[in-house]
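> The file below is model_18.txt, compact mmCIF, C-alpha atoms:
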# COMPACT_ATOMS: atom_id res chain seq x y z
CA MET D 803 61.72 6.61 -29.82
CA PRO D 804 61.59 3.41 -27.80
CA ARG D 805 58.88 0.91 -28.46
CA SER D 806 56.23 0.25 -25.80
CA ASN D 807 53.94 -2.66 -25.15
CA PRO D 808 51.01 -1.21 -23.07
CA ASP D 809 48.13 -3.28 -21.76
CA LEU D 810 45.02 -2.77 -23.85
CA LEU D 811 41.82 -3.15 -21.83
CA ALA D 812 38.35 -3.66 -23.24
CA PHE D 813 35.12 -3.46 -21.29
CA ASN D 814 32.68 -4.52 -23.94
CA ARG D 815 31.82 -7.91 -22.42
CA GLY D 816 29.60 -6.51 -19.68
CA LEU D 817 29.27 -7.91 -16.16
CA VAL D 818 30.25 -11.27 -14.75
CA SER D 819 30.31 -12.72 -11.26
CA PRO D 820 33.43 -11.84 -9.23
CA LEU D 821 33.93 -15.59 -8.83
CA ALA D 822 34.65 -15.84 -12.58
CA LEU D 823 37.35 -13.16 -12.75
CA ALA D 824 40.12 -15.68 -12.20
CA ARG D 825 39.39 -17.32 -15.56
CA VAL D 826 41.69 -15.04 -17.52
CA ASP D 827 42.20 -17.85 -20.02
CA VAL D 828 38.65 -17.29 -21.27
CA GLU D 829 38.49 -14.25 -23.55
CA ARG D 830 34.98 -13.24 -22.54
CA THR D 831 35.87 -13.37 -18.84
CA ARG D 832 39.11 -11.42 -19.02
CA LEU D 833 37.32 -8.61 -20.85
CA SER D 834 34.43 -8.42 -18.39
CA ALA D 835 33.86 -6.44 -15.21
CA ALA D 836 32.60 -7.46 -11.79
CA MET D 837 31.06 -4.04 -11.20
CA MET D 838 30.00 -1.42 -13.73
CA THR D 839 27.76 1.20 -12.11
CA ASN D 840 26.42 3.99 -14.34
CA TRP D 841 28.78 3.09 -17.18
CA ILE D 842 27.90 2.02 -20.71
CA PRO D 843 30.30 -0.38 -22.51
CA LYS D 844 30.82 0.21 -26.23
CA THR D 845 31.40 -2.50 -28.81
CA GLN D 846 34.84 -1.04 -29.61
CA GLY D 847 35.99 -1.82 -26.09
CA ALA D 848 35.75 1.54 -24.37
CA MET D 849 33.09 2.64 -21.91
CA ARG D 850 31.57 5.97 -20.98
CA ILE D 851 29.53 7.42 -18.14
CA LYS D 852 25.84 6.66 -18.49
CA PRO D 853 24.07 9.88 -19.50
CA GLY D 854 20.77 11.07 -18.12
CA THR D 855 17.83 9.98 -20.20
CA LYS D 856 15.32 12.76 -19.51
CA TYR D 857 14.97 15.82 -17.24
CA LEU D 858 11.86 15.42 -15.10
CA GLY D 859 12.34 18.18 -12.54
CA SER D 860 14.54 19.35 -9.68
CA SER D 861 14.53 18.50 -6.01
CA ASP D 862 12.85 20.80 -3.48
CA ASP D 863 14.60 24.20 -3.74
CA ASP D 864 17.38 22.36 -5.65
CA ASN D 865 18.62 20.96 -2.34
CA GLU D 866 20.69 17.80 -2.12
CA ALA D 867 18.30 14.87 -2.01
CA ALA D 868 18.29 11.15 -1.37
CA TRP D 869 16.12 9.11 -3.72
CA ILE D 870 14.41 5.87 -2.68
CA GLU D 871 12.67 3.59 -5.14
CA PHE D 872 9.26 2.45 -3.87
CA VAL D 873 7.82 -0.65 -5.53
CA ALA D 874 4.39 -1.81 -4.32
CA SER D 875 4.12 -4.37 -7.11
CA THR D 876 5.67 -5.13 -10.48
CA VAL D 877 2.54 -3.99 -12.34
CA GLY D 878 3.05 -0.25 -12.50
CA ASN D 879 2.67 0.47 -8.76
CA THR D 880 6.01 2.22 -8.41
CA ALA D 881 7.11 5.63 -7.17
CA LEU D 882 10.23 7.58 -6.34
CA ILE D 883 10.58 9.09 -2.86
CA GLU D 884 12.57 12.32 -2.65
CA LEU D 885 14.11 13.10 0.76
CA THR D 886 15.58 16.52 1.48
CA ASP D 887 16.22 18.31 4.77
CA ALA D 888 13.01 17.96 6.85
CA LYS D 889 10.86 17.28 3.78
CA MET D 890 9.67 14.30 1.77
CA ARG D 891 8.08 14.42 -1.68
CA VAL D 892 6.80 11.64 -3.94
CA TRP D 893 7.22 11.29 -7.70
CA SER D 894 4.89 8.99 -9.61
CA GLU D 895 4.74 8.34 -13.35
CA ASP D 896 7.59 10.81 -13.94
CA ALA D 897 5.74 13.67 -12.21
CA LEU D 898 5.75 15.19 -8.74
CA ILE D 899 2.58 14.41 -6.81
CA THR D 900 0.88 17.67 -5.87
CA ARG D 901 -2.52 18.83 -4.66
CA PRO D 902 -4.58 21.81 -5.82
CA SER D 903 -3.96 25.23 -4.31
CA VAL D 904 -6.69 26.14 -1.81
CA ALA D 905 -7.78 29.48 -0.38
CA PRO D 906 -8.29 28.95 3.37
CA THR D 907 -5.66 29.69 5.98
CA TYR D 908 -6.00 28.77 9.61
CA ASP D 909 -5.56 31.66 12.02
CA ASN D 910 -3.26 30.95 14.95
CA GLY D 911 -2.14 27.67 13.43
CA THR D 912 1.12 27.94 15.38
CA PHE D 913 -0.70 27.78 18.77
CA THR D 914 0.94 30.95 20.09
CA SER D 915 -2.28 31.69 22.01
CA SER D 916 -5.60 30.04 22.77
CA SER D 917 -7.37 32.24 20.21
CA ASN D 918 -9.68 30.19 17.93
CA TRP D 919 -8.96 27.00 19.87
CA THR D 920 -11.23 25.22 22.38
CA ASP D 921 -9.94 23.43 25.45
CA SER D 922 -11.82 20.09 25.55
CA SER D 923 -9.57 18.45 28.11
CA THR D 924 -10.94 16.11 30.78
CA GLY D 925 -9.60 14.37 33.86
CA GLY D 926 -7.12 17.07 34.78
CA GLY D 927 -5.60 17.48 31.30
CA THR D 928 -4.21 20.94 30.57
CA LEU D 929 -3.20 23.00 27.55
CA THR D 930 -0.35 25.50 27.44
CA PHE D 931 0.01 28.02 24.60
CA ASP D 932 3.23 29.99 24.13
CA SER D 933 5.76 31.05 21.49
CA ASN D 934 6.99 27.45 21.23
CA GLY D 935 3.51 26.15 20.34
CA LEU D 936 0.99 23.98 22.16
CA THR D 937 1.80 21.67 25.05
CA LEU D 938 -0.73 18.94 25.85
CA ASN D 939 -0.28 17.71 29.42
CA ALA D 940 -2.33 14.80 30.78
CA THR D 941 -0.68 13.83 34.06
CA ASN D 942 -3.58 11.94 35.67
CA ILE D 943 -4.44 8.35 34.81
CA GLY D 944 -7.42 8.50 32.47
CA GLY D 945 -6.85 12.22 31.90
CA LEU D 946 -7.18 13.67 28.43
CA ALA D 947 -5.55 16.87 27.14
CA LYS D 948 -7.55 17.88 24.08
CA CYS D 949 -7.57 20.94 21.82
CA THR D 950 -10.21 21.39 19.09
CA ARG D 951 -11.52 23.93 16.61
CA GLU D 952 -14.05 24.21 13.78
CA VAL D 953 -12.94 25.59 10.42
CA THR D 954 -15.13 26.59 7.48
CA VAL D 955 -13.48 26.27 4.08
CA ASN D 956 -14.49 27.66 0.70
CA ASN D 957 -13.05 24.81 -1.36
CA SER D 958 -15.30 21.93 -0.36
CA GLY D 959 -14.70 18.79 -2.37
CA VAL D 960 -11.02 19.70 -2.93
CA GLU D 961 -8.23 17.82 -1.21
CA HIS D 962 -6.52 19.83 1.55
CA GLY D 963 -3.27 19.33 3.39
CA LEU D 964 -2.11 20.17 6.92
CA ALA D 965 1.51 20.36 8.09
CA ILE D 966 1.82 19.39 11.77
CA ASP D 967 5.09 19.49 13.72
CA VAL D 968 5.15 17.24 16.80
CA THR D 969 8.21 17.74 19.01
CA ARG D 970 7.34 15.03 21.52
CA GLY D 971 4.49 12.54 21.49
CA PRO D 972 2.45 10.51 21.33
CA VAL D 973 -0.28 12.75 19.92
CA THR D 974 -3.52 11.68 18.21
CA PHE D 975 -4.78 13.90 15.40
CA ARG D 976 -8.34 13.82 14.07
CA CYS D 977 -9.98 15.78 11.27
CA GLY D 978 -13.59 15.08 10.41
CA SER D 979 -17.11 16.30 9.81
CA ALA D 980 -18.03 16.02 13.49
CA ALA D 981 -16.24 16.51 16.79
CA GLY D 982 -14.06 13.47 17.56
CA ASP D 983 -14.44 12.07 14.02
CA ASP D 984 -11.60 11.43 11.57
CA ASP D 985 -13.46 10.75 8.33
CA TYR D 986 -11.49 13.50 6.53
CA VAL D 987 -8.00 12.22 7.36
CA ILE D 988 -7.64 9.77 4.46
CA PRO D 989 -10.41 10.49 1.90
CA CYS D 990 -10.86 13.79 0.07
CA LEU D 991 -13.14 16.39 1.60
CA ARG D 992 -16.84 15.84 1.05
CA GLN D 993 -19.39 18.52 0.22
CA ASN D 994 -19.85 19.54 3.86
CA PRO D 995 -17.69 22.71 4.09
CA LYS D 996 -17.13 22.42 7.85
CA ILE D 997 -14.09 20.64 9.25
CA ILE D 998 -13.61 19.65 12.88
CA MET D 999 -9.94 19.40 13.87
CA GLY D 1000 -8.63 18.16 17.17
CA CYS D 1001 -5.43 17.05 18.88
CA ASP D 1002 -5.26 15.15 22.13
CA THR D 1003 -2.99 13.08 24.31
CA LYS D 1004 -4.17 10.59 26.94
CA VAL D 1005 -2.58 8.87 29.93
CA VAL D 1006 -3.66 5.23 30.34
Would you put the structure from the file into structure tokens?


Amino acid sequence: MPRSNPDLLAFNRGLVSPLALARVDVERTRLSAAMMTNWIPKTQGAMRIKPGTKYLGSSDDDNEAAWIEFVASTVGNTALIELTDAKMRVWSEDALITRPSVAPTYDNGTFTSSSNWTDSSTGGGTLTFDSNGLTLNATNIGGLAKCTREVTVNNSGVEHGLAIDVTRGPVTFRCGSAAGDDDYVIPCLRQNPKIIMGCDTKVV
């Protein structure tokens, strides 16, 4: 059997700058790598794929997801943003951020008809309800197309969430304890069980 003299490569020196790769006369440099992504070098010279450290959970419906690291500061204010098709979720402290399950549902929330909604438009603004949803049309200067409703919930004091699809804007959304107010948009619901919701668009 003929003798062979293969090149033996070792990757146990870690990473160096690409500018230093030409220094093959230096042992540490010639055994280093310019890029080593998701690989772990071993002291014997080999390297292996970096394993997962801990299973935290799966993406939404196990769909393919893009993950974005969010760092507000270096003192623990970090999160992981999960992006799947038409949905975004946030992971914080190794757990998915969720809100409590609540009982109320909002009748005619898809705007297929004017049922349960009040037309509060002014200045020639109009509302159109159909199978595609609600169209707010304010064609006159100073006109306001506005749609409102009052909802009574049974879970006062519990954080609620609303999913709103806007095909074309701009649209202003308000949710508060009084008509035209938005004091419930950011903070959790207070003890008043009545919520005033409204959407409007204005021509200026």

> Atom CA of Ser894 of chain D and atom CA of Cys977 of chain D are how many Å apart?

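Between atom CA of Ser894 of chain D and atom CA of Cys977 of chain D the gap is 26.5 Å.
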
> Please identify all polymer residues within 7 Å of segment 815-817 of chain D, counting all atoms listed in the file, omitting same-chain residues fewer than 2 positions from it, and present them as number ranges by chain.

D: 813, 819, 830, 833-838, 843

> What lies within 10 Å of Ala881 of chain D using only C-alpha atoms, ignoring chain neighbours under 6 positions off, as a list in words?

Ile870, Glu871, Phe872, Val873, Ala874, Val892, Trp893, Ser894, Glu895, Asp896, Ala897, Leu898 and Ile899 of chain D

> Could you tell me which of D:Thr839, D:Ser875, D:Thr924, D:Ser917 comes closest to Ile943 of chain D if we count only C-alpha atoms?

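Closest to Ile943 of chain D of all the choices is D:Thr924.
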
> When distances are computed from only C-alpha atoms, which of D:Leu936, D:Leu929, D:Val953, D:Val968 shows the smallest separation from Asp909 of chain D?

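For Asp909 of chain D, the nearest of the candidates is D:Val953.
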
> Considering all atoms listed in the file, state which residue in the set D:Thr907, D:Lys889, D:Gly854, D:Thr954 is at the smallest distance from Ala867 of chain D.

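The shortest atom-to-atom distance to Ala867 of chain D comes from D:Lys889.
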
> Could you name the residues that touch Ser860 of chain D at 12 Å or less, counting only C-alpha atoms, but leaving out those on the same chain fewer than 2 positions away, as a list in words?

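Listing them by chain and then by number gives Lys856, Tyr857, Leu858, Asp862, Asp863, Asp864, Asn865, Glu866, Ala867, Trp869, Glu884, Thr886, Arg891, Trp893, Asp896, Ala897 and Leu898 of chain D.
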
> State, in Å with one decimal place, the distance from atom CA of Arg970 of chain D to atom CA of Asp983 of chain D.

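According to the coordinates, atom CA of Arg970 of chain D and atom CA of Asp983 of chain D are separated by 23.2 Å.
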
> With distances taken over only C-alpha atoms, which residue among D:Gly945, D:Gly935, D:Pro853, D:Pro820 lies nearest Ile966 of chain D?

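Comparing D:Gly945, D:Gly935, D:Pro853, D:Pro820 against Ile966 of chain D, the winner is D:Gly935.
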